[in-house]
Amino acid sequence: MTFTFISARPSVFISVAAAALLALTSCSGAGTPVASTQEQPAASAEQSAGAAPAPEKTEEQQAEKPAGSSKEFTEAQLTAILEGLKDADGKPLTLIPAAQLKQGQEVTKTTLAGVTITPEACKAYANSNAQLPDGSVYAAGSWMGDVTAGEMTVVTVLSAKPQVLSATMDRAGKNSGACSTFTMEIAGQSIKTTMKPVGVDTSAEVEKGMLISQDMPTGTTNTVTLEALQGGLLVSVVQVGGDGSEAAAKKLATVVDQVIAAS
């Protein structure tokens, strides 16, 4: 369940590629919200990459993964969690309106219909990921980095029955290996995409990190994704732009830890 923005500044070509990519890399997708054209103040890539760090865990806490709660959350509760998030400089998350998220889900479905993905099995996987889990609710927000470069960090929280989310994560893990390298054909252009798993530790019971690079006509675009499961709560943090490094993935883990602590 990952989101990105269709922005007026990056080219439509890049935006379409990002939407298709994130459908492939996430374990469930609530869409690709369409960004407002309103100007937002630019921040550094470091500011957009991570939230204020959670307290350091002891060795015992790092070794133990807590059993997930069976608690499910309402949309209002998920929104309240996001409202409390702050980045490393204390900047709050900008919430994405629910109507915009719903519009984004339709954009993702339309985008996938017009993209040729090779191998074919990866497109079927992406289509499956674009479907929300049964009975789920969600909320999302973002921090902006360098607007002209299309840098941003998007945080999505989704709640459903724990067994549904666990099965979704398991299925995504089994299928993602076969799509570690794939090609997308968009508007007559070919984009080679490479995905590499990255080990990241969070306070959640299960997490999955991915470093992704796309060879665009305009150059290479990097994306870092991190998804974490804690009972009936699924957290997705995506950094679009930046250097796509393991260090960036570790910064995203601090966002997950904030969410888990607030839940």
# chains A, B, ... in the order shown; residues from 1 in each chain; ligands from 1
$ residues_around --residues "A:Ala160" --least-positions-apart "5" --cutoff "7 Å" --atoms "only C-alpha atoms" --output "list of chain:residue names"
A:Glu72, A:Gly135, A:Ser136, A:Val137, A:Leu165, A:Gly232, A:Leu233
$ select_by_dssp --residues "stretch 117-256 of chain A" --states "helix (DSSP H, G or I)" --output "mmCIF file with all heavy atoms, in the first residue's frame"
data_model
loop_
_atom_site.group_PDB
_atom_site.id
_atom_site.type_symbol
_atom_site.label_atom_id
_atom_site.label_comp_id
_atom_site.auth_asym_id
_atom_site.auth_seq_id
_atom_site.Cartn_x
_atom_site.Cartn_y
_atom_site.Cartn_z
ATOM 1 N N GLU A 120 5.244 -10.608 -17.950
ATOM 2 C CA GLU A 120 3.806 -10.403 -17.822
ATOM 3 C C GLU A 120 3.312 -10.696 -16.408
ATOM 4 O O GLU A 120 2.386 -10.036 -15.911
ATOM 5 C CB GLU A 120 3.068 -11.290 -18.833
ATOM 6 C CG GLU A 120 1.550 -11.190 -18.761
ATOM 7 C CD GLU A 120 1.024 -9.816 -19.161
ATOM 8 O OE1 GLU A 120 1.712 -9.097 -19.914
ATOM 9 O OE2 GLU A 120 -0.092 -9.474 -18.709
ATOM 10 N N ALA A 121 3.920 -11.670 -15.739
ATOM 11 C CA ALA A 121 3.492 -12.031 -14.388
ATOM 12 C C ALA A 121 3.605 -10.844 -13.434
ATOM 13 O O ALA A 121 2.846 -10.738 -12.468
ATOM 14 C CB ALA A 121 4.313 -13.203 -13.865
ATOM 15 N N CYS A 122 4.541 -9.946 -13.701
ATOM 16 C CA CYS A 122 4.721 -8.794 -12.830
ATOM 17 C C CYS A 122 3.554 -7.812 -12.947
ATOM 18 O O CYS A 122 3.210 -7.133 -11.984
ATOM 19 C CB CYS A 122 6.034 -8.097 -13.148
ATOM 20 S SG CYS A 122 7.491 -9.087 -12.749
ATOM 21 N N LYS A 123 2.944 -7.728 -14.135
ATOM 22 C CA LYS A 123 1.786 -6.845 -14.262
ATOM 23 C C LYS A 123 0.609 -7.411 -13.490
ATOM 24 O O LYS A 123 -0.132 -6.664 -12.834
ATOM 25 C CB LYS A 123 1.408 -6.653 -15.732
ATOM 26 C CG LYS A 123 0.234 -5.690 -15.888
ATOM 27 C CD LYS A 123 0.047 -5.183 -17.297
ATOM 28 C CE LYS A 123 -1.037 -4.126 -17.350
ATOM 29 N NZ LYS A 123 -1.206 -3.543 -18.691
ATOM 30 N N ALA A 124 0.430 -8.725 -13.533
ATOM 31 C CA ALA A 124 -0.645 -9.352 -12.759
ATOM 32 C C ALA A 124 -0.429 -9.104 -11.272
ATOM 33 O O ALA A 124 -1.372 -8.855 -10.514
ATOM 34 C CB ALA A 124 -0.695 -10.846 -13.048
ATOM 35 N N TYR A 125 0.820 -9.164 -10.857
ATOM 36 C CA TYR A 125 1.185 -8.902 -9.466
ATOM 37 C C TYR A 125 0.857 -7.454 -9.100
ATOM 38 O O TYR A 125 0.285 -7.167 -8.036
ATOM 39 C CB TYR A 125 2.677 -9.203 -9.301
ATOM 40 C CG TYR A 125 3.284 -8.876 -7.966
ATOM 41 C CD1 TYR A 125 2.604 -9.119 -6.779
ATOM 42 C CD2 TYR A 125 4.567 -8.341 -7.890
ATOM 43 C CE1 TYR A 125 3.191 -8.827 -5.555
ATOM 44 C CE2 TYR A 125 5.154 -8.057 -6.677
ATOM 45 C CZ TYR A 125 4.464 -8.298 -5.513
ATOM 46 O OH TYR A 125 5.054 -8.012 -4.315
ATOM 47 N N ALA A 126 1.187 -6.516 -9.990
ATOM 48 C CA ALA A 126 0.907 -5.106 -9.746
ATOM 49 C C ALA A 126 -0.593 -4.854 -9.659
ATOM 50 O O ALA A 126 -1.067 -4.110 -8.794
ATOM 51 C CB ALA A 126 1.521 -4.250 -10.848
ATOM 52 N N ASN A 127 -1.366 -5.473 -10.552
ATOM 53 C CA ASN A 127 -2.819 -5.313 -10.517
ATOM 54 C C ASN A 127 -3.399 -5.818 -9.205
ATOM 55 O O ASN A 127 -4.315 -5.223 -8.626
ATOM 56 C CB ASN A 127 -3.460 -6.055 -11.689
ATOM 57 C CG ASN A 127 -3.251 -5.338 -13.011
ATOM 58 O OD1 ASN A 127 -3.156 -4.111 -13.038
ATOM 59 N ND2 ASN A 127 -3.160 -6.080 -14.095
ATOM 60 N N SER A 128 -2.858 -6.932 -8.720
ATOM 61 C CA SER A 128 -3.307 -7.490 -7.448
ATOM 62 C C SER A 128 -2.980 -6.543 -6.298
ATOM 63 O O SER A 128 -3.793 -6.320 -5.402
ATOM 64 C CB SER A 128 -2.646 -8.852 -7.207
ATOM 65 O OG SER A 128 -2.961 -9.346 -5.926
ATOM 66 N N ASN A 129 -1.787 -5.959 -6.337
ATOM 67 C CA ASN A 129 -1.367 -5.041 -5.275
ATOM 68 C C ASN A 129 -2.205 -3.774 -5.238
ATOM 69 O O ASN A 129 -2.306 -3.112 -4.202
ATOM 70 C CB ASN A 129 0.100 -4.663 -5.454
ATOM 71 C CG ASN A 129 1.035 -5.763 -5.024
ATOM 72 O OD1 ASN A 129 0.608 -6.738 -4.420
ATOM 73 N ND2 ASN A 129 2.309 -5.622 -5.337
ATOM 74 N N VAL A 147 11.088 20.328 -4.212
ATOM 75 C CA VAL A 147 9.909 20.235 -5.066
ATOM 76 C C VAL A 147 10.287 20.140 -6.535
ATOM 77 O O VAL A 147 9.709 19.363 -7.296
ATOM 78 C CB VAL A 147 8.971 21.434 -4.821
ATOM 79 C CG1 VAL A 147 7.767 21.369 -5.768
ATOM 80 C CG2 VAL A 147 8.496 21.456 -3.378
ATOM 81 N N THR A 148 11.259 20.928 -6.975
ATOM 82 C CA THR A 148 11.625 20.928 -8.389
ATOM 83 C C THR A 148 12.206 19.580 -8.814
ATOM 84 O O THR A 148 12.109 19.201 -9.983
ATOM 85 C CB THR A 148 12.650 22.032 -8.682
ATOM 86 O OG1 THR A 148 13.817 21.835 -7.866
ATOM 87 C CG2 THR A 148 12.062 23.398 -8.393
ATOM 88 N N ALA A 149 12.816 18.848 -7.883
ATOM 89 C CA ALA A 149 13.383 17.534 -8.192
ATOM 90 C C ALA A 149 12.385 16.412 -7.933
ATOM 91 O O ALA A 149 12.689 15.247 -8.169
ATOM 92 C CB ALA A 149 14.654 17.304 -7.366
ATOM 93 N N PRO A 162 -5.977 -8.459 11.268
ATOM 94 C CA PRO A 162 -4.565 -8.861 11.249
ATOM 95 C C PRO A 162 -4.257 -10.014 10.311
ATOM 96 O O PRO A 162 -3.238 -10.008 9.619
ATOM 97 C CB PRO A 162 -4.296 -9.243 12.721
ATOM 98 C CG PRO A 162 -5.272 -8.431 13.494
ATOM 99 C CD PRO A 162 -6.496 -8.368 12.642
ATOM 100 N N GLN A 163 -5.152 -11.015 10.258
ATOM 101 C CA GLN A 163 -4.880 -12.174 9.406
ATOM 102 C C GLN A 163 -4.919 -11.796 7.924
ATOM 103 O O GLN A 163 -4.196 -12.377 7.101
ATOM 104 C CB GLN A 163 -5.866 -13.309 9.695
ATOM 105 C CG GLN A 163 -7.347 -12.992 9.507
ATOM 106 C CD GLN A 163 -8.005 -12.471 10.757
ATOM 107 O OE1 GLN A 163 -7.372 -11.826 11.593
ATOM 108 N NE2 GLN A 163 -9.295 -12.787 10.921
ATOM 109 N N VAL A 164 -5.744 -10.810 7.574
ATOM 110 C CA VAL A 164 -5.810 -10.347 6.182
ATOM 111 C C VAL A 164 -4.515 -9.628 5.807
ATOM 112 O O VAL A 164 -3.931 -9.872 4.748
ATOM 113 C CB VAL A 164 -7.018 -9.406 5.980
ATOM 114 C CG1 VAL A 164 -6.978 -8.768 4.587
ATOM 115 C CG2 VAL A 164 -8.327 -10.175 6.173
ATOM 116 N N LEU A 165 -4.042 -8.759 6.687
ATOM 117 C CA LEU A 165 -2.809 -8.019 6.410
ATOM 118 C C LEU A 165 -1.598 -8.945 6.383
ATOM 119 O O LEU A 165 -0.703 -8.795 5.548
ATOM 120 C CB LEU A 165 -2.610 -6.924 7.457
ATOM 121 C CG LEU A 165 -3.670 -5.812 7.481
ATOM 122 C CD1 LEU A 165 -3.308 -4.774 8.528
ATOM 123 C CD2 LEU A 165 -3.826 -5.166 6.112
ATOM 124 N N SER A 166 -1.570 -9.914 7.295
ATOM 125 C CA SER A 166 -0.448 -10.856 7.337
ATOM 126 C C SER A 166 -0.381 -11.670 6.049
ATOM 127 O O SER A 166 0.697 -11.868 5.479
ATOM 128 C CB SER A 166 -0.592 -11.782 8.544
ATOM 129 O OG SER A 166 0.477 -12.703 8.604
ATOM 130 N N ALA A 167 -1.540 -12.144 5.580
ATOM 131 C CA ALA A 167 -1.580 -12.929 4.347
ATOM 132 C C ALA A 167 -1.150 -12.078 3.157
ATOM 133 O O ALA A 167 -0.463 -12.559 2.243
ATOM 134 C CB ALA A 167 -2.992 -13.481 4.123
ATOM 135 N N THR A 168 -1.528 -10.803 3.166
ATOM 136 C CA THR A 168 -1.152 -9.897 2.088
ATOM 137 C C THR A 168 0.355 -9.685 2.048
ATOM 138 O O THR A 168 0.977 -9.715 0.982
ATOM 139 C CB THR A 168 -1.863 -8.539 2.259
ATOM 140 O OG1 THR A 168 -3.274 -8.742 2.278
ATOM 141 C CG2 THR A 168 -1.515 -7.597 1.117
ATOM 142 N N MET A 169 0.967 -9.479 3.211
ATOM 143 C CA MET A 169 2.425 -9.303 3.283
ATOM 144 C C MET A 169 3.143 -10.568 2.829
ATOM 145 O O MET A 169 4.132 -10.511 2.105
ATOM 146 C CB MET A 169 2.840 -8.961 4.714
ATOM 147 C CG MET A 169 2.510 -7.560 5.160
ATOM 148 S SD MET A 169 3.748 -6.295 4.784
ATOM 149 C CE MET A 169 5.180 -6.757 5.708
ATOM 150 N N ASP A 170 2.649 -11.723 3.257
ATOM 151 C CA ASP A 170 3.284 -12.997 2.879
ATOM 152 C C ASP A 170 3.244 -13.189 1.368
ATOM 153 O O ASP A 170 4.225 -13.601 0.748
ATOM 154 C CB ASP A 170 2.577 -14.167 3.565
ATOM 155 C CG ASP A 170 2.867 -14.229 5.053
ATOM 156 O OD1 ASP A 170 3.823 -13.569 5.492
ATOM 157 O OD2 ASP A 170 2.134 -14.930 5.774
ATOM 158 N N ARG A 171 2.093 -12.900 0.763
ATOM 159 C CA ARG A 171 1.939 -13.067 -0.680
ATOM 160 C C ARG A 171 2.868 -12.115 -1.435
ATOM 161 O O ARG A 171 3.499 -12.499 -2.416
ATOM 162 C CB ARG A 171 0.488 -12.801 -1.084
ATOM 163 C CG ARG A 171 0.217 -13.028 -2.582
ATOM 164 C CD ARG A 171 -1.250 -12.845 -2.924
ATOM 165 N NE ARG A 171 -1.687 -11.477 -2.722
ATOM 166 C CZ ARG A 171 -2.514 -11.085 -1.767
ATOM 167 N NH1 ARG A 171 -2.976 -11.954 -0.890
ATOM 168 N NH2 ARG A 171 -2.872 -9.811 -1.655
ATOM 169 N N ALA A 172 2.967 -10.893 -0.941
ATOM 170 C CA ALA A 172 3.835 -9.912 -1.598
ATOM 171 C C ALA A 172 5.293 -10.343 -1.520
ATOM 172 O O ALA A 172 6.055 -10.193 -2.480
ATOM 173 C CB ALA A 172 3.653 -8.545 -0.947
ATOM 174 N N GLY A 173 5.698 -10.905 -0.374
ATOM 175 C CA GLY A 173 7.072 -11.346 -0.217
ATOM 176 C C GLY A 173 7.435 -12.466 -1.165
ATOM 177 O O GLY A 173 8.545 -12.503 -1.720
ATOM 178 N N LYS A 174 6.506 -13.388 -1.388
ATOM 179 C CA LYS A 174 6.758 -14.513 -2.278
ATOM 180 C C LYS A 174 6.843 -14.079 -3.732
ATOM 181 O O LYS A 174 7.615 -14.627 -4.525
ATOM 182 C CB LYS A 174 5.649 -15.556 -2.114
ATOM 183 C CG LYS A 174 5.656 -16.253 -0.760
ATOM 184 C CD LYS A 174 4.478 -17.212 -0.623
ATOM 185 C CE LYS A 174 4.463 -17.876 0.747
ATOM 186 N NZ LYS A 174 3.284 -18.764 0.910
ATOM 187 N N ASN A 175 6.040 -13.069 -4.107
ATOM 188 C CA ASN A 175 5.975 -12.665 -5.512
ATOM 189 C C ASN A 175 7.026 -11.631 -5.912
ATOM 190 O O ASN A 175 7.412 -11.544 -7.077
ATOM 191 C CB ASN A 175 4.583 -12.088 -5.819
ATOM 192 C CG ASN A 175 3.499 -13.144 -5.773
ATOM 193 O OD1 ASN A 175 3.765 -14.317 -5.995
ATOM 194 N ND2 ASN A 175 2.279 -12.732 -5.464
ATOM 195 N N SER A 176 7.495 -10.838 -4.937
ATOM 196 C CA SER A 176 8.382 -9.732 -5.294
ATOM 197 C C SER A 176 9.722 -10.204 -5.841
ATOM 198 O O SER A 176 10.340 -9.519 -6.658
ATOM 199 C CB SER A 176 8.603 -8.826 -4.079
ATOM 200 O OG SER A 176 9.209 -9.553 -3.018
ATOM 201 N N GLY A 177 10.207 -11.382 -5.401
ATOM 202 C CA GLY A 177 11.495 -11.874 -5.884
ATOM 203 C C GLY A 177 11.524 -12.087 -7.383
ATOM 204 O O GLY A 177 12.533 -11.806 -8.052
ATOM 205 N N ALA A 178 10.406 -12.537 -7.933
ATOM 206 C CA ALA A 178 10.332 -12.790 -9.374
ATOM 207 C C ALA A 178 10.316 -11.499 -10.176
ATOM 208 O O ALA A 178 10.543 -11.506 -11.391
ATOM 209 C CB ALA A 178 9.083 -13.615 -9.692
ATOM 210 N N CYS A 179 10.052 -10.379 -9.510
ATOM 211 C CA CYS A 179 9.980 -9.099 -10.203
ATOM 212 C C CYS A 179 11.094 -8.156 -9.742
ATOM 213 O O CYS A 179 10.930 -6.934 -9.749
ATOM 214 C CB CYS A 179 8.612 -8.452 -9.961
ATOM 215 S SG CYS A 179 7.236 -9.404 -10.636
ATOM 216 N N GLU A 246 20.842 2.794 1.573
ATOM 217 C CA GLU A 246 20.450 2.065 2.778
ATOM 218 C C GLU A 246 20.268 3.031 3.943
ATOM 219 O O GLU A 246 19.407 2.821 4.800
ATOM 220 C CB GLU A 246 21.492 1.009 3.116
ATOM 221 C CG GLU A 246 21.559 -0.134 2.115
ATOM 222 C CD GLU A 246 22.447 -1.268 2.580
ATOM 223 O OE1 GLU A 246 22.722 -1.361 3.790
ATOM 224 O OE2 GLU A 246 22.876 -2.072 1.726
ATOM 225 N N ALA A 247 21.075 4.081 3.982
ATOM 226 C CA ALA A 247 20.934 5.086 5.043
ATOM 227 C C ALA A 247 19.558 5.745 4.981
ATOM 228 O O ALA A 247 18.934 6.021 6.016
ATOM 229 C CB ALA A 247 22.033 6.138 4.915
ATOM 230 N N ALA A 248 19.061 5.985 3.775
ATOM 231 C CA ALA A 248 17.735 6.577 3.615
ATOM 232 C C ALA A 248 16.667 5.626 4.142
ATOM 233 O O ALA A 248 15.698 6.047 4.783
ATOM 234 C CB ALA A 248 17.479 6.908 2.143
ATOM 235 N N ALA A 249 16.847 4.327 3.886
ATOM 236 C CA ALA A 249 15.890 3.334 4.381
ATOM 237 C C ALA A 249 15.849 3.322 5.903
ATOM 238 O O ALA A 249 14.780 3.185 6.516
ATOM 239 C CB ALA A 249 16.259 1.953 3.847
ATOM 240 N N LYS A 250 17.008 3.476 6.532
ATOM 241 C CA LYS A 250 17.057 3.492 7.996
ATOM 242 C C LYS A 250 16.351 4.719 8.559
ATOM 243 O O LYS A 250 15.743 4.667 9.630
ATOM 244 C CB LYS A 250 18.508 3.434 8.467
ATOM 245 C CG LYS A 250 19.165 2.082 8.197
ATOM 246 C CD LYS A 250 20.611 2.055 8.664
ATOM 247 C CE LYS A 250 21.240 0.687 8.395
ATOM 248 N NZ LYS A 250 22.665 0.641 8.821
ATOM 249 N N LYS A 251 16.418 5.846 7.830
ATOM 250 C CA LYS A 251 15.699 7.041 8.274
ATOM 251 C C LYS A 251 14.188 6.814 8.201
ATOM 252 O O LYS A 251 13.434 7.298 9.052
ATOM 253 C CB LYS A 251 16.100 8.245 7.419
ATOM 254 C CG LYS A 251 17.505 8.749 7.696
ATOM 255 C CD LYS A 251 17.829 9.953 6.840
ATOM 256 C CE LYS A 251 19.245 10.460 7.121
ATOM 257 N NZ LYS A 251 19.594 11.635 6.272
ATOM 258 N N LEU A 252 13.748 6.079 7.190
ATOM 259 C CA LEU A 252 12.323 5.794 7.080
ATOM 260 C C LEU A 252 11.848 4.928 8.244
ATOM 261 O O LEU A 252 10.688 4.995 8.657
ATOM 262 C CB LEU A 252 12.013 5.093 5.753
ATOM 263 C CG LEU A 252 12.344 5.849 4.466
ATOM 264 C CD1 LEU A 252 11.749 5.122 3.265
ATOM 265 C CD2 LEU A 252 11.862 7.287 4.516
ATOM 266 N N ALA A 253 12.759 4.110 8.782
ATOM 267 C CA ALA A 253 12.403 3.250 9.913
ATOM 268 C C ALA A 253 12.006 4.079 11.131
ATOM 269 O O ALA A 253 11.172 3.648 11.937
ATOM 270 C CB ALA A 253 13.565 2.324 10.260
ATOM 271 N N THR A 254 12.575 5.285 11.277
ATOM 272 C CA THR A 254 12.206 6.122 12.413
ATOM 273 C C THR A 254 10.753 6.585 12.303
ATOM 274 O O THR A 254 10.089 6.824 13.316
ATOM 275 C CB THR A 254 13.132 7.347 12.531
ATOM 276 O OG1 THR A 254 12.949 8.218 11.408
ATOM 277 C CG2 THR A 254 14.594 6.918 12.603
ATOM 278 N N VAL A 255 10.266 6.720 11.074
ATOM 279 C CA VAL A 255 8.864 7.087 10.870
ATOM 280 C C VAL A 255 7.958 5.937 11.324
ATOM 281 O O VAL A 255 6.967 6.144 12.023
ATOM 282 C CB VAL A 255 8.593 7.439 9.396
ATOM 283 C CG1 VAL A 255 7.148 7.862 9.212
ATOM 284 C CG2 VAL A 255 9.533 8.525 8.919
ATOM 285 N N VAL A 256 8.309 4.725 10.904
ATOM 286 C CA VAL A 256 7.543 3.556 11.326
ATOM 287 C C VAL A 256 7.497 3.466 12.848
ATOM 288 O O VAL A 256 6.446 3.221 13.451
ATOM 289 C CB VAL A 256 8.149 2.264 10.743
ATOM 290 C CG1 VAL A 256 7.496 1.019 11.352
ATOM 291 C CG2 VAL A 256 7.993 2.241 9.228
#
$ atom_distance --atom1 "atom CA of A:Asp146" --atom2 "atom CA of A:Gly199"
26.4 Å
$ closest_residue --among "A:Gly209, A:Gly241, A:Pro197, A:Gly188" --to "A:Val115" --atoms "only C-alpha atoms"
A:Gly188
$ closest_residue --among "A:Ala187, A:Val224, A:Leu234, A:Val240" --to "A:Glu151" --atoms "only C-alpha atoms"
A:Val240
$ closest_residue --among "A:Lys109, A:Lys161, A:Lys71, A:Lys196" --to "A:Thr223" --atoms "only C-alpha atoms"
A:Lys196
$ residues_around --residues "A:Val157" --least-positions-apart "5" --cutoff "8 Å" --atoms "only C-alpha atoms" --output "PDB file with N, CA, C and O atoms, in the first residue's frame"
ATOM      1  N   LEU A  78      -6.523   6.552  12.620  1.00  0.00           N
ATOM      2  CA  LEU A  78      -5.334   6.572  11.762  1.00  0.00           C
ATOM      3  C   LEU A  78      -4.919   8.004  11.446  1.00  0.00           C
ATOM      4  O   LEU A  78      -3.730   8.338  11.451  1.00  0.00           O
ATOM      5  N   TYR A 138      -7.888   3.622   5.667  1.00  0.00           N
ATOM      6  CA  TYR A 138      -6.538   4.132   5.555  1.00  0.00           C
ATOM      7  C   TYR A 138      -6.505   5.652   5.622  1.00  0.00           C
ATOM      8  O   TYR A 138      -7.534   6.336   5.495  1.00  0.00           O
ATOM      9  N   ALA A 139      -5.290   6.178   5.842  1.00  0.00           N
ATOM     10  CA  ALA A 139      -5.039   7.617   5.833  1.00  0.00           C
ATOM     11  C   ALA A 139      -3.600   7.812   5.389  1.00  0.00           C
ATOM     12  O   ALA A 139      -2.774   6.905   5.494  1.00  0.00           O
ATOM     13  N   ALA A 140      -3.281   9.005   4.888  1.00  0.00           N
ATOM     14  CA  ALA A 140      -1.931   9.242   4.376  1.00  0.00           C
ATOM     15  C   ALA A 140      -1.562  10.717   4.485  1.00  0.00           C
ATOM     16  O   ALA A 140      -2.423  11.595   4.605  1.00  0.00           O
ATOM     17  N   LEU A 233      -2.402  -3.174  11.907  1.00  0.00           N
ATOM     18  CA  LEU A 233      -1.907  -1.908  11.374  1.00  0.00           C
ATOM     19  C   LEU A 233      -0.768  -2.158  10.388  1.00  0.00           C
ATOM     20  O   LEU A 233       0.215  -2.820  10.715  1.00  0.00           O
ATOM     21  N   LEU A 234      -0.920  -1.631   9.184  1.00  0.00           N
ATOM     22  CA  LEU A 234       0.121  -1.718   8.163  1.00  0.00           C
ATOM     23  C   LEU A 234       0.618  -0.307   7.869  1.00  0.00           C
ATOM     24  O   LEU A 234      -0.181   0.594   7.597  1.00  0.00           O
ATOM     25  N   VAL A 235       1.928  -0.102   7.955  1.00  0.00           N
ATOM     26  CA  VAL A 235       2.533   1.212   7.751  1.00  0.00           C
ATOM     27  C   VAL A 235       3.394   1.170   6.489  1.00  0.00           C
ATOM     28  O   VAL A 235       4.212   0.262   6.325  1.00  0.00           O
ATOM     29  N   SER A 236       3.219   2.142   5.617  1.00  0.00           N
ATOM     30  CA  SER A 236       4.034   2.256   4.414  1.00  0.00           C
ATOM     31  C   SER A 236       4.682   3.632   4.383  1.00  0.00           C
ATOM     32  O   SER A 236       4.007   4.652   4.556  1.00  0.00           O
TER      33      SER A 236
END
$ closest_residue --among "A:Ile260, A:Met210, A:Leu93, A:Met216" --to "A:Thr153" --atoms "only C-alpha atoms"
A:Leu93
$ decode --residues "stretch 137-143 of chain A" --atoms "all heavy atoms" --output "tab-separated table (two decimals), in the first residue's frame"
chain	number	residue	atom	x	y	z
A	137	VAL	N	-9.39	0.39	6.09
A	137	VAL	CA	-9.50	1.84	6.10
A	137	VAL	C	-8.08	2.39	6.11
A	137	VAL	O	-7.14	1.70	6.53
A	137	VAL	CB	-10.28	2.37	7.31
A	137	VAL	CG1	-11.73	1.94	7.25
A	137	VAL	CG2	-9.64	1.90	8.63
A	138	TYR	N	-7.89	3.62	5.67
A	138	TYR	CA	-6.54	4.13	5.55
A	138	TYR	C	-6.50	5.65	5.62
A	138	TYR	O	-7.53	6.34	5.50
A	138	TYR	CB	-5.88	3.67	4.25
A	138	TYR	CG	-6.67	4.02	3.00
A	138	TYR	CD1	-6.48	5.22	2.33
A	138	TYR	CD2	-7.63	3.14	2.50
A	138	TYR	CE1	-7.20	5.55	1.21
A	138	TYR	CE2	-8.37	3.46	1.36
A	138	TYR	CZ	-8.15	4.67	0.72
A	138	TYR	OH	-8.88	4.98	-0.39
A	139	ALA	N	-5.29	6.18	5.84
A	139	ALA	CA	-5.04	7.62	5.83
A	139	ALA	C	-3.60	7.81	5.39
A	139	ALA	O	-2.77	6.90	5.49
A	139	ALA	CB	-5.27	8.22	7.22
A	140	ALA	N	-3.28	9.01	4.89
A	140	ALA	CA	-1.93	9.24	4.38
A	140	ALA	C	-1.56	10.72	4.48
A	140	ALA	O	-2.42	11.59	4.60
A	140	ALA	CB	-1.82	8.78	2.93
A	141	GLY	N	-0.26	10.97	4.46
A	141	GLY	CA	0.25	12.33	4.48
A	141	GLY	C	1.64	12.37	3.89
A	141	GLY	O	2.21	11.33	3.54
A	142	SER	N	2.22	13.57	3.78
A	142	SER	CA	3.53	13.68	3.12
A	142	SER	C	4.37	14.80	3.70
A	142	SER	O	3.87	15.74	4.32
A	142	SER	CB	3.34	13.92	1.62
A	142	SER	OG	2.78	15.22	1.40
A	143	TRP	N	5.67	14.63	3.52
A	143	TRP	CA	6.64	15.71	3.72
A	143	TRP	C	7.26	15.98	2.36
A	143	TRP	O	7.65	15.06	1.65
A	143	TRP	CB	7.75	15.29	4.69
A	143	TRP	CG	7.36	15.22	6.12
A	143	TRP	CD1	7.02	16.26	6.93
A	143	TRP	CD2	7.33	14.05	6.95
A	143	TRP	NE1	6.75	15.81	8.20
A	143	TRP	CE2	6.94	14.45	8.24
A	143	TRP	CE3	7.60	12.70	6.72
A	143	TRP	CZ2	6.81	13.55	9.29
A	143	TRP	CZ3	7.45	11.80	7.76
A	143	TRP	CH2	7.06	12.23	9.03
